[in-house]
Each structure stands twice: as C-alpha cells, then as structure tokens.
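A.B. asks: Sharing data_39.tsv here; it has TSV, C-alpha atoms.
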chain	number	residue	atom	x	y	z
K	725	MET	CA	-20.75	-16.79	-51.17
K	726	ALA	CA	-17.81	-17.42	-53.49
K	727	GLU	CA	-15.22	-14.92	-54.66
K	728	ASP	CA	-17.10	-14.39	-57.91
K	729	GLY	CA	-20.13	-13.18	-55.98
K	730	LEU	CA	-22.22	-16.27	-56.68
K	731	PRO	CA	-23.44	-18.66	-53.97
K	732	ASP	CA	-21.81	-22.08	-53.71
K	733	THR	CA	-23.62	-25.04	-52.24
K	734	ASN	CA	-21.44	-27.04	-49.81
K	735	PHE	CA	-22.10	-30.47	-48.38
K	736	TYR	CA	-20.72	-31.67	-45.01
K	737	ILE	CA	-20.67	-34.98	-43.21
K	738	ARG	CA	-22.06	-34.75	-39.69
K	739	LYS	CA	-20.56	-36.84	-36.86
K	740	ILE	CA	-23.20	-38.04	-34.39
K	741	SER	CA	-21.62	-40.93	-32.44
K	742	ASP	CA	-18.40	-42.08	-30.75
K	743	GLY	CA	-17.83	-38.94	-28.72
K	744	GLU	CA	-18.75	-35.36	-29.49
K	745	THR	CA	-21.36	-34.44	-32.08
K	746	ILE	CA	-19.85	-32.25	-34.80
K	747	ASP	CA	-22.13	-30.73	-37.43
K	748	HIS	CA	-19.33	-29.95	-39.89
K	749	PHE	CA	-17.07	-32.94	-39.33
K	750	ILE	CA	-15.64	-33.23	-42.84
K	751	LYS	CA	-16.37	-31.91	-46.33
K	752	PRO	CA	-16.49	-33.92	-49.58
K	753	GLY	CA	-14.04	-32.62	-52.17
K	754	TYR	CA	-14.48	-32.02	-55.89
K	755	LEU	CA	-13.41	-35.57	-56.72
K	756	THR	CA	-15.38	-37.42	-54.04
K	757	LYS	CA	-18.29	-38.31	-56.32
K	758	GLU	CA	-15.84	-39.56	-58.95
K	759	ALA	CA	-14.29	-42.09	-56.55
K	760	VAL	CA	-16.29	-45.26	-57.18
K	761	ASP	CA	-14.83	-47.50	-54.46
K	762	ALA	CA	-15.82	-45.95	-51.13
K	763	GLY	CA	-13.37	-48.18	-49.30
K	764	SER	CA	-10.27	-47.22	-51.26
K	765	PRO	CA	-7.52	-44.86	-49.98
K	766	VAL	CA	-8.19	-42.63	-52.96
K	767	TYR	CA	-11.78	-42.10	-51.84
K	768	THR	CA	-10.63	-41.23	-48.30
K	769	LEU	CA	-8.18	-38.63	-49.58
K	770	THR	CA	-10.91	-36.75	-51.42
K	771	PHE	CA	-12.40	-35.43	-48.16
K	772	ILE	CA	-11.13	-32.07	-46.90
K	773	LEU	CA	-11.36	-29.75	-43.89
K	774	ASP	CA	-12.31	-26.13	-44.51
K	775	ASP	CA	-12.75	-23.08	-42.27
K	776	THR	CA	-16.24	-24.16	-41.26
K	777	CYS	CA	-14.91	-27.52	-40.06
K	778	TYR	CA	-12.05	-25.90	-38.20
K	779	LYS	CA	-14.49	-23.52	-36.48
K	780	ASP	CA	-16.55	-26.46	-35.17
K	781	TYR	CA	-13.39	-28.24	-34.01
K	782	ALA	CA	-12.09	-25.12	-32.25
K	783	SER	CA	-15.39	-24.55	-30.45
K	784	LEU	CA	-14.95	-27.95	-28.79
K	785	LEU	CA	-11.17	-28.22	-28.44
K	786	LEU	CA	-10.16	-24.75	-27.24
K	787	PRO	CA	-12.38	-24.62	-24.12
K	788	ARG	CA	-11.16	-28.07	-23.16
K	789	ALA	CA	-7.53	-27.13	-23.74
K	790	VAL	CA	-7.98	-23.99	-21.62
K	791	GLY	CA	-9.65	-26.06	-18.92
K	792	TYR	CA	-6.79	-28.57	-18.90
K	793	SER	CA	-4.24	-25.75	-18.74
K	794	ALA	CA	-6.09	-24.04	-15.89
K	795	GLY	CA	-6.37	-27.35	-14.07
K	796	LEU	CA	-2.64	-27.92	-14.48
K	797	LEU	CA	-1.81	-24.44	-13.17
K	798	ASN	CA	-4.24	-24.86	-10.29
K	799	TYR	CA	-2.56	-28.15	-9.41
K	800	PHE	CA	0.97	-26.76	-9.36
K	801	PHE	CA	-0.09	-23.47	-7.74
K	802	ARG	CA	-3.04	-24.73	-5.72
K	803	GLY	CA	-1.70	-23.38	-2.44
K	804	SER	CA	-3.01	-19.96	-1.38
K	805	ILE	CA	-1.56	-17.49	1.13
K	806	GLU	CA	-3.38	-14.50	2.62
K	807	ILE	CA	-1.23	-11.41	3.26
K	808	THR	CA	-2.39	-8.84	5.81
K	809	ILE	CA	-0.84	-5.87	7.57
K	810	PRO	CA	1.01	-6.64	10.84
K	811	ASP	CA	-0.25	-5.46	14.20
K	812	ILE	CA	2.07	-2.44	14.15
K	813	GLY	CA	-0.09	-1.04	11.32
K	814	ILE	CA	2.60	-0.69	8.63
K	815	TYR	CA	4.52	-2.99	6.32
K	816	ALA	CA	7.78	-1.03	6.45
K	817	GLN	CA	9.25	2.16	7.84
K	818	THR	CA	12.38	4.26	7.53
K	819	ASP	CA	13.68	7.57	8.80
K	820	ASN	CA	16.40	7.63	6.12
K	821	PRO	CA	14.82	8.73	2.82
K	822	ALA	CA	18.12	8.35	0.97
K	823	GLN	CA	18.32	4.68	1.88
K	824	GLY	CA	14.69	3.72	1.46
K	825	PHE	CA	13.14	0.62	3.01
K	826	THR	CA	15.46	-2.20	4.08
K	827	SER	CA	12.96	-4.41	5.89
K	828	ILE	CA	9.34	-5.48	5.33
K	829	LYS	CA	7.13	-7.21	7.89
K	830	LEU	CA	3.74	-8.79	7.21
K	831	LEU	CA	1.25	-11.41	8.39
K	832	ALA	CA	0.77	-14.58	6.33
K	833	LYS	CA	-1.85	-17.33	6.66
K	834	ASN	CA	-2.48	-20.57	4.78
K	835	ILE	CA	-5.92	-20.31	3.15
K	836	THR	CA	-5.62	-23.29	0.79
K	837	PRO	CA	-9.03	-25.02	0.47
K	838	GLY	CA	-9.23	-28.16	2.58
K	839	THR	CA	-7.01	-29.08	5.51
K	840	GLU	CA	-3.55	-29.29	3.91
K	841	GLU	CA	-0.71	-27.75	5.90
K	842	MET	CA	2.28	-25.80	4.52
K	843	THR	CA	5.41	-27.13	6.22
K	844	ASN	CA	9.12	-27.82	5.71
K	845	GLY	CA	9.64	-25.23	3.02
K	846	SER	CA	11.32	-21.99	2.12
K	847	ILE	CA	9.60	-18.60	2.06
K	848	GLU	CA	10.57	-15.66	-0.12
K	849	LEU	CA	9.13	-12.23	-0.78
K	850	VAL	CA	8.94	-10.82	-4.30
K	851	VAL	CA	8.56	-7.02	-4.39
K	852	ARG	CA	7.44	-5.41	-7.62
K	853	TYR	CA	7.45	-1.66	-8.22
K	854	LYS	CA	8.03	1.10	-10.74
K	855	LEU	CA	10.69	3.70	-10.04
K	856	ALA	CA	9.53	7.33	-10.24
K	857	HIS	CA	11.69	9.81	-12.16
K	858	ASP	CA	10.79	12.67	-9.84
K	859	ASP	CA	9.47	13.22	-6.34
K	860	PRO	CA	6.10	11.38	-6.34
K	861	PHE	CA	4.90	13.14	-3.19
K	862	GLN	CA	3.13	15.95	-5.01
K	863	SER	CA	-0.35	16.66	-6.31
K	864	SER	CA	0.33	15.84	-9.97
K	865	PRO	CA	1.55	12.51	-11.40
K	866	VAL	CA	5.23	12.16	-12.28
K	867	PRO	CA	6.88	10.03	-15.00
K	868	THR	CA	7.84	6.48	-14.00
K	869	ASP	CA	9.66	3.55	-15.51
K	870	THR	CA	7.55	1.68	-18.04
K	871	GLU	CA	8.86	-1.67	-16.81
K	872	PHE	CA	8.58	-3.11	-13.31
K	873	THR	CA	11.57	-3.77	-11.08
K	874	TYR	CA	11.58	-7.06	-9.15
K	875	VAL	CA	13.40	-7.73	-5.88
K	876	THR	CA	13.46	-11.16	-4.18
K	877	VAL	CA	14.18	-11.37	-0.46
K	878	PRO	CA	14.33	-14.53	1.75
K	879	GLU	CA	12.52	-14.68	5.09
K	880	PHE	CA	14.95	-13.27	7.67
K	881	ASN	CA	14.15	-15.59	10.57
K	882	ASN	CA	14.27	-18.78	8.44
K	883	ALA	CA	10.55	-19.48	8.86
K	884	ASN	CA	9.65	-22.70	7.04
K	885	SER	CA	5.87	-22.95	7.41
K	886	VAL	CA	2.70	-20.91	6.90
K	887	PRO	CA	0.06	-21.99	9.45
K	888	ARG	CA	-3.71	-22.20	9.24
K	889	GLY	CA	-6.08	-20.62	11.73
K	890	SER	CA	-3.92	-17.70	12.79
K	891	ALA	CA	-1.45	-15.66	10.75
K	892	THR	CA	2.27	-15.77	11.41
K	893	VAL	CA	4.65	-12.80	11.31
K	894	LEU	CA	7.19	-12.91	8.48
K	895	THR	CA	10.14	-10.53	8.24
K	896	PHE	CA	12.08	-9.92	5.05
K	897	GLY	CA	15.39	-8.09	5.03
K	898	LYS	CA	17.29	-6.73	8.01
K	899	GLY	CA	20.57	-5.52	6.56
K	900	GLN	CA	21.63	-2.41	4.70
K	901	SER	CA	20.33	-3.47	1.28
K	902	THR	CA	17.41	-1.42	-0.02
K	903	ILE	CA	14.30	-3.44	-0.84
K	904	ILE	CA	12.08	-0.54	-1.90
K	905	PRO	CA	13.52	2.88	-2.81
K	906	LEU	CA	11.68	5.93	-1.56
K	907	TRP	CA	10.59	7.18	-4.98
K	908	THR	CA	8.44	4.26	-6.10
K	909	THR	CA	4.91	3.70	-7.36
K	910	ASP	CA	2.72	0.64	-8.09
K	911	VAL	CA	4.13	-1.39	-5.22
K	912	TYR	CA	3.07	-5.05	-4.98
K	913	LEU	CA	4.06	-7.85	-2.58
K	914	GLN	CA	4.11	-11.59	-3.32
K	915	VAL	CA	4.91	-14.24	-0.72
K	916	VAL	CA	6.11	-17.49	-2.31
K	917	PHE	CA	6.22	-20.76	-0.34
K	918	LYS	CA	8.04	-23.82	-1.74
K	919	GLY	CA	7.81	-26.98	0.31
K	920	THR	CA	5.36	-29.59	1.58
K	921	LEU	CA	1.66	-28.98	1.06
K	922	GLY	CA	-0.33	-31.83	2.55
K	923	ASN	CA	1.30	-35.01	1.21
K	924	GLU	CA	2.93	-33.30	-1.76
K	925	ASP	CA	6.61	-32.34	-1.68
K	926	GLY	CA	7.87	-29.48	-3.81
K	927	ALA	CA	4.52	-27.71	-3.83
K	928	ILE	CA	4.25	-23.98	-4.51
K	929	ALA	CA	1.89	-21.54	-2.82
K	930	VAL	CA	1.61	-17.83	-3.54
K	931	GLY	CA	0.07	-14.85	-1.78
K	932	PHE	CA	-0.44	-11.46	-3.44
K	933	LYS	CA	-1.02	-7.97	-2.06
K	934	ASP	CA	-1.37	-4.59	-3.75
K	935	ILE	CA	-0.17	-2.04	-1.20
K	936	SER	CA	0.00	1.72	-1.34
K	937	GLU	CA	3.05	3.70	-2.26
K	938	PRO	CA	5.37	5.11	0.42
K	939	THR	CA	3.44	7.59	2.53
K	940	PRO	CA	5.22	10.63	4.02
K	941	VAL	CA	4.58	11.69	7.59
K	942	ASP	CA	5.84	15.21	8.36
K	943	LEU	CA	6.91	16.31	11.82
K	944	PHE	CA	7.61	20.02	11.94
K	945	ASN	CA	7.82	22.74	14.57
K	946	ASN	CA	6.06	25.99	13.66
K	947	MET	CA	6.25	27.61	17.08
K	948	ASP	CA	8.11	30.56	15.61
K	949	LYS	CA	4.61	31.87	14.82
K	950	ILE	CA	1.57	32.42	17.03
K	951	CYS	CA	-2.05	33.25	16.20
K	952	LEU	CA	-3.59	35.93	18.44
K	953	ASN	CA	-7.07	37.33	17.95
K	954	GLY	CA	-7.24	35.89	14.44
K	955	SER	CA	-3.89	37.27	13.25
K	956	TRP	CA	-0.43	35.68	12.95
K	957	TYR	CA	2.63	37.17	14.67
K	958	ASN	CA	6.27	36.28	15.12
K	959	THR	CA	6.76	34.84	18.58
K	960	SER	CA	8.42	37.14	21.12
K	961	SER	CA	7.83	40.14	18.84
K	962	PRO	CA	6.63	43.48	20.28
K	963	GLU	CA	3.49	43.17	18.16
K	964	ALA	CA	2.69	39.79	19.73
K	965	ILE	CA	3.46	41.02	23.25
K	966	SER	CA	1.18	44.02	22.81
K	967	GLN	CA	-1.74	41.67	22.12
K	968	VAL	CA	-1.40	39.92	25.52
K	969	ASP	CA	-0.04	42.69	27.74
K	970	PRO	CA	-3.09	44.22	29.43
K	971	ASP	CA	-0.95	46.12	31.97
K	972	HIS	CA	1.32	47.58	29.26
K	973	ASP	CA	4.37	46.72	31.31
K	974	GLY	CA	6.06	44.66	28.61
K	975	ILE	CA	5.24	41.38	30.36
K	976	PRO	CA	2.87	39.19	28.33
K	977	GLY	CA	0.11	37.39	30.15
K	978	TRP	CA	0.49	34.32	27.90
K	979	ASP	CA	3.38	32.19	26.77
K	980	ILE	CA	4.11	33.58	23.30
K	981	TYR	CA	7.75	32.51	23.09
K	982	THR	CA	9.56	30.13	20.75
K	983	HIS	CA	10.00	26.54	21.94
K	984	ASN	CA	11.58	23.37	20.66
K	985	ILE	CA	9.52	20.17	20.60
K	986	GLU	CA	11.15	17.46	22.69
K	987	ASN	CA	10.41	13.74	22.95
K	988	ALA	CA	7.93	13.49	20.08
K	989	TYR	CA	6.29	10.06	19.83
K	990	LEU	CA	4.22	8.91	16.86
K	991	LYS	CA	2.12	5.74	16.82
K	992	ILE	CA	0.64	4.18	13.68
K	993	SER	CA	-2.15	1.72	14.41
K	994	ASN	CA	-5.07	0.04	12.70
K	995	ILE	CA	-8.12	2.24	12.26
K	996	SER	CA	-10.29	-0.46	13.87
K	997	ASN	CA	-8.11	-0.42	16.99
K	998	PRO	CA	-6.54	3.04	17.37
K	999	ILE	CA	-3.71	3.27	19.91
K	1000	ASN	CA	-2.34	6.49	21.36
K	1001	ALA	CA	1.40	7.06	21.23
K	1002	SER	CA	3.33	6.85	24.49
K	1003	PRO	CA	6.98	6.51	25.59
K	1004	SER	CA	6.42	2.76	25.95
K	1005	ASP	CA	4.40	2.20	22.77
K	1006	TYR	CA	5.33	4.09	19.62
K	1007	THR	CA	6.31	3.63	15.98
K	1008	PHE	CA	8.66	6.60	15.65
K	1009	TYR	CA	10.49	8.72	18.17
K	1010	LYS	CA	12.25	12.07	17.68
K	1011	PRO	CA	14.11	13.43	20.72
K	1012	LEU	CA	14.14	16.95	19.26
K	1013	VAL	CA	12.23	18.87	16.61
K	1014	ALA	CA	13.84	22.28	16.58
K	1015	ILE	CA	12.63	25.56	15.15
K	1016	LYS	CA	13.85	26.47	11.68
K	1017	PRO	CA	12.11	29.73	10.83
K	1018	GLN	CA	13.44	29.88	7.28
K	1019	ALA	CA	12.66	26.33	6.17
K	1020	ARG	CA	9.85	25.84	8.67
K	1021	LEU	CA	11.11	22.28	8.99
K	1022	ARG	CA	8.86	20.94	6.24
K	1023	THR	CA	11.36	18.23	5.43
K	1024	ARG	CA	10.08	14.67	5.48
K	1025	ARG	CA	11.74	13.32	8.58
K	1026	ILE	CA	9.69	10.13	8.68
K	1027	ILE	CA	8.47	8.01	5.81
K	1028	THR	CA	6.16	5.04	6.26
K	1029	LEU	CA	4.77	2.36	3.99
K	1030	ARG	CA	1.22	1.47	4.97
K	1031	ALA	CA	-1.75	-0.62	3.93
K	1032	ARG	CA	-4.23	1.25	1.79
K	1033	ARG	CA	-7.03	2.75	3.90
K	1034	ASN	CA	-6.10	0.65	6.92
K	1035	VAL	CA	-3.87	2.98	8.88
K	1036	THR	CA	-4.71	5.97	11.00
K	1037	ARG	CA	-2.00	8.52	11.56
Please re-express this file's structure in structure tokens.
C.D. replies:
Amino acid sequence: MAEDGLPDTNFYIRKISDGETIDHFIKPGYLTKEAVDAGSPVYTLTFILDDTCYKDYASLLLPRAVGYSAGLLNYFFRGSIEITIPDIGIYAQTDNPAQGFTSIKLLAKNITPGTEEMTNGSIELVVRYKLAHDDPFQSSPVPTDTEFTYVTVPEFNNANSVPRGSATVLTFGKGQSTIIPLWTTDVYLQVVFKGTLGNEDGAIAVGFKDISEPTPVDLFNNMDKICLNGSWYNTSSPEAISQVDPDHDGIPGWDIYTHNIENAYLKISNISNPINASPSDYTFYKPLVAIKPQARLRTRRIITLRARRNVTR
C-alpha cells in the first residue's frame, strides 16, 4: 500500500540456487524495463534492495551471526567452574562489623565438558555487590547504590589449578583489606581461571555463584529475667523469690539468680550433615557473654556470610 493509499504491484527476483533460497532477492527498479541490453552495467544498476529484501536477508544472516558470536564466546570461555560452599558451612565470617569480611573461602571444581584439565594458571575471585545506604538487617528494604561495586582478589595460597572429580578449597584474602563490607546486598561471586585448559594455553574458565547477603547471628544473655508460673520477673527480686520459696524463709528453692554465659561455642554446618558445637569443633567462640540489663545485649556480636538455604544455625 503506497503513501497515497493506493496499492502498488511490486515484482521481485527469487534466488533458488547457489546457496540459500531467498524469495525477495532483488527488486527491479523503475528503469529496468527500459534497459534493453540485459548484460550491460546500466541494466545491473537498475535493480534495487528494499525493506522486503532486507527483511529476507536479515532472517538468514542474523541467526547465523548470533550463532557465530555465541560459538566464539563459547570457545574463549568454554571452561566451566562449579562453586559450592566449603565444609565449614559458610563462605566468610567476621566478628568485627566495622571491618566487614576480609577473607572468603569456597570449593571449586572443573566441570568443563570432556576430559580437559585446568592447570598452570592463575585464579582470581571477582566479588560484586551493592552497598546499602542504611542497616539492611531490618524487615523493610533500604536504599542501595544503583551501580554494582566490583572487587578482585587473587587466590591467597597461590593455587594454580582447578581439578576434576573432587572440589578444591580456594581462599581469597587474608589481610586487613575489606572484601565485602557489612552493609551490602546482591552479593555475587565469580571465580576466574586463566591458564592451560587441555592443550590450549591462555584459556579462560569462569564459575558464578549468587550467594545470600551477610546474615547476622545474635548471641545475647537475657538471664536478668526469669519466667515463673507464666509471668516474667527480675532475677533475684523479692517477687521472684516469693514464687519459689515454699517455706517462706527467704531462701528460694530454685536458682533464680543472674549469671554470665561463659565459653559459648557456635557451630555452623550444612543442613544435610548437622554438627553440634564443641570446644574442639566450632565456628565462633565467645569466652564471655555478660548481662547488660539496659541494652539486653542485642548487639550483633557475630556476623556470618552463608549459602542460601544451605546452612543451619
């Protein structure tokens, strides 16, 4: 339908051999029928390409171009790495909220199709996150940076290979530099290997993991209060003593006094293999958790970074 609202009849030359079949290969122009000599350059120049021709070309060329591009990317990034949580059940931990996380540990395994090995290379961790503008450990969302922050950390123990079969432990960061601040959201890990993959030198392999945000674990001592017969009392108070003093001699029959918590051990383990905390096997240890009646010690003494839905506390 032309711009004047009347239908125009168009003629196209169809290509049926020497490669792909194209219904709208080329279109005769207004002067094509006036060119007497079909073999002259003038005759050739009368043919044109219009939107219908371009649409047929694009339907054949674009998928092939995308396929070539994908094949090229797959060739240069054909190596694959699986990232899983280490046996300790967490990727990182800190008991210093102001400093954040200075070390990350994970398990990595070569899962490239075939039998090619990853050897003689370098291994780096790329951490991506958004910084929160307020304390994210609350029930409602808080504003965050619109752009991601990227941190690159080399493998601490100079590991140069990612094996097949069984995963290897990789550690990133051991100094005082913060890798992940405490107030972060949208935390992602990428392990990048650059080295020999099979017979190819300079190959690149990448592993990706979306992990959860820093997870607070609160240790607090509330033994300034005691529940007796369904009601709460201040420990050591006359009201509490009267509840457990059947002889009315001022000597309670139960221990209703204030105590500190000493030698508190906390163990984080995989939900499929839960492990009880003990003095010889623990993730965190606090020698003393004292009573603070005013603040009730609800401060976050321990912060952990864990795998989503894979850690029992």
A.B. asks: Here is a test: counting only C-alpha atoms, which residue of K:Pro860, K:Gly803, K:Pro821, K:Pro878 is nearest to Thr895 of chain K?
C.D. replies: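 Checking each candidate against Thr895 of chain K, we get K:Pro878 as the closest.
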A.B. asks: Would you mind telling me which residue in K:Tyr754, K:Phe1008, K:Phe825, K:Tyr792 lies nearest to Thr902 of chain K when using all atoms listed in the file?
C.D. replies: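 Checking each candidate against Thr902 of chain K, we get K:Phe825 as the closest.
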A.B. asks: If you measure from atom CA of Ala927 of chain K to atom CA of Thr836 of chain K, what distance in Å do you get, rounded to one decimal?
C.D. replies: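 Spanning atom CA of Ala927 of chain K to atom CA of Thr836 of chain K is a straight-line distance of 12.0 Å.
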A.B. asks: Find, counting only C-alpha atoms, the residue in K:Thr892, K:Thr768, K:Thr745, K:Thr843 that gets nearest to Tyr781 of chain K.
C.D. replies: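 Result for the nearest residue to Tyr781 of chain K: K:Thr745.
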A.B. asks: Could you pull out every residue with an atom within 6 Å of (9.0, -12.2, 2.1), file coordinates, counting only C-alpha atoms, and send them as a list in words?
C.D. replies: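 These residues have at least one counted atom within 6 Å: Glu848, Leu849, Val877, Pro878, Glu879, Phe896 and Val915 of chain K.
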A.B. asks: Given the choices K:Pro810, K:Pro887, K:Gly824, K:Gly791, which gets closest to Ile903 of chain K if the distance is worked out from all atoms listed in the file?
C.D. replies: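 The answer is K:Gly824, which sits nearest to Ile903 of chain K.
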A.B. asks: Which neighbours of Gln914 of chain K fall inside 8 Å, counting all atoms listed in the file, when residues of the same chain fewer than 6 positions from it are skipped, and could you give them as number ranges by chain?
C.D. replies: K: 849-851, 930-933
A.B. asks: Atom CA of Ile980 of chain K and atom CA of Leu943 of chain K are how many Å apart?
C.D. replies: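 Going from atom CA of Ile980 of chain K over to atom CA of Leu943 of chain K covers 20.9 Å.
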A.B. asks: Dump as a PyMOL selection string all residues having an atom at most 8 Å from (0.6, -15.7, 8.2), computed in the file's coordinates with only C-alpha atoms.
C.D. replies: chain K and resi 805-808+830-834+886-888+890-894
A.B. asks: Please determine, counting all atoms listed in the file, which residue among K:Ile904, K:Met842, K:Ala856, K:Ile812 has the shortest atom-to-atom distance to Ser885 of chain K.
C.D. replies: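 Using all atoms listed in the file, Ser885 of chain K sits closest to K:Met842.
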A.B. asks: Take atom CA of Leu990 of chain K and atom CA of Asp819 of chain K and report the distance between them in Å, one decimal.
C.D. replies: 12.5 Å
A.B. asks: With 8 Å of padding per side, what axis-aligned box (centre and edge lengths, Å, one decimal) covers all the listed atoms of segment 742-755 of chain K? Give it as AutoDock Vina command-line options.
C.D. replies:
--center_x -17.8 --center_y -36.0 --center_z -42.7 --size_x 24.7 --size_y 28.1 --size_z 44.0
A.B. asks: Find the residues around Thr982 of chain K up to 8 Å (all atoms listed in the file counted), leave out those fewer than 5 positions away in its own chain, and share them as a count of residues only.
C.D. replies: 6
A.B. asks: Neighbouring residues of Phe861 of chain K were defined as those with any atom within 9 Å, considering all atoms listed in the file; residues of the same chain fewer than 3 positions away were excluded. Please report them as a list in words.
C.D. replies: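 After dropping sequence-adjacent residues, the list is Asp858, Ser864, Pro865, Trp907, Pro938, Thr939 and Pro940 of chain K.
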A.B. asks: Considering only C-alpha atoms, state which residue in the set K:Ala883, K:Leu921, K:Ala1014, K:Ala816 is at the smallest distance from Asn945 of chain K.
C.D. replies: K:Ala1014
A.B. asks: Do you know which residues are at most 12 Å from Lys779 of chain K counting all atoms listed in the file, after dropping those on the same chain fewer than 5 positions away, and could you put them as a CSV table (one decimal) with C-alpha atoms, in the frame of the given file?
C.D. replies:
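The result, stored in around30.csv:
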chain,number,residue,atom,x,y,z
K,746,ILE,CA,-19.8,-32.2,-34.8
K,747,ASP,CA,-22.1,-30.7,-37.4
K,748,HIS,CA,-19.3,-30.0,-39.9
K,749,PHE,CA,-17.1,-32.9,-39.3
K,750,ILE,CA,-15.6,-33.2,-42.8
K,773,LEU,CA,-11.4,-29.8,-43.9
K,774,ASP,CA,-12.3,-26.1,-44.5
K,784,LEU,CA,-15.0,-28.0,-28.8
K,785,LEU,CA,-11.2,-28.2,-28.4
K,786,LEU,CA,-10.2,-24.8,-27.2
A.B. asks: Excluding Asn987 of chain K and residues on its chain fewer than 3 positions from it, collect all residues at most 12 Å away from it, counting only C-alpha atoms, and give them as a PyMOL selection string.
C.D. replies: chain K and resi 943+984+990+1001-1003+1006+1008-1014
A.B. asks: Missing atoms in segment 896-910 of chain K: fill them in up to N, CA and C atoms and send the result as a compact mmCIF listing (two decimals), keeping the file's coordinate frame.
C.D. replies:
# COMPACT_ATOMS: atom_id res chain seq x y z
N PHE K 896 11.21 -9.80 6.22
CA PHE K 896 12.08 -9.92 5.05
C PHE K 896 13.06 -8.76 5.03
N GLY K 897 14.35 -9.11 5.09
CA GLY K 897 15.39 -8.09 5.03
C GLY K 897 15.66 -7.47 6.38
N LYS K 898 16.91 -7.38 6.75
CA LYS K 898 17.29 -6.73 8.01
C LYS K 898 18.62 -6.00 7.89
N GLY K 899 19.26 -6.12 6.72
CA GLY K 899 20.57 -5.52 6.56
C GLY K 899 20.51 -4.12 6.01
N GLN K 900 21.53 -3.76 5.25
CA GLN K 900 21.63 -2.41 4.70
C GLN K 900 21.12 -2.34 3.26
N SER K 901 20.77 -3.47 2.67
CA SER K 901 20.33 -3.47 1.28
C SER K 901 18.92 -2.89 1.17
N THR K 902 18.71 -2.04 0.19
CA THR K 902 17.41 -1.42 -0.02
C THR K 902 16.49 -2.39 -0.75
N ILE K 903 15.31 -2.61 -0.19
CA ILE K 903 14.30 -3.44 -0.84
C ILE K 903 13.39 -2.58 -1.70
N ILE K 904 12.94 -1.46 -1.16
CA ILE K 904 12.08 -0.54 -1.90
C ILE K 904 12.67 0.87 -1.78
N PRO K 905 13.07 1.49 -2.88
CA PRO K 905 13.52 2.88 -2.81
C PRO K 905 12.36 3.80 -2.41
N LEU K 906 12.71 4.99 -2.00
CA LEU K 906 11.68 5.93 -1.56
C LEU K 906 10.78 6.36 -2.71
N TRP K 907 11.37 6.68 -3.85
CA TRP K 907 10.59 7.18 -4.98
C TRP K 907 10.09 6.01 -5.82
N THR K 908 9.02 5.38 -5.37
CA THR K 908 8.44 4.26 -6.10
C THR K 908 6.94 4.41 -6.20
N THR K 909 6.35 3.76 -7.20
CA THR K 909 4.91 3.70 -7.36
C THR K 909 4.53 2.26 -7.71
N ASP K 910 3.23 1.96 -7.69
CA ASP K 910 2.72 0.64 -8.09
C ASP K 910 3.45 -0.48 -7.36
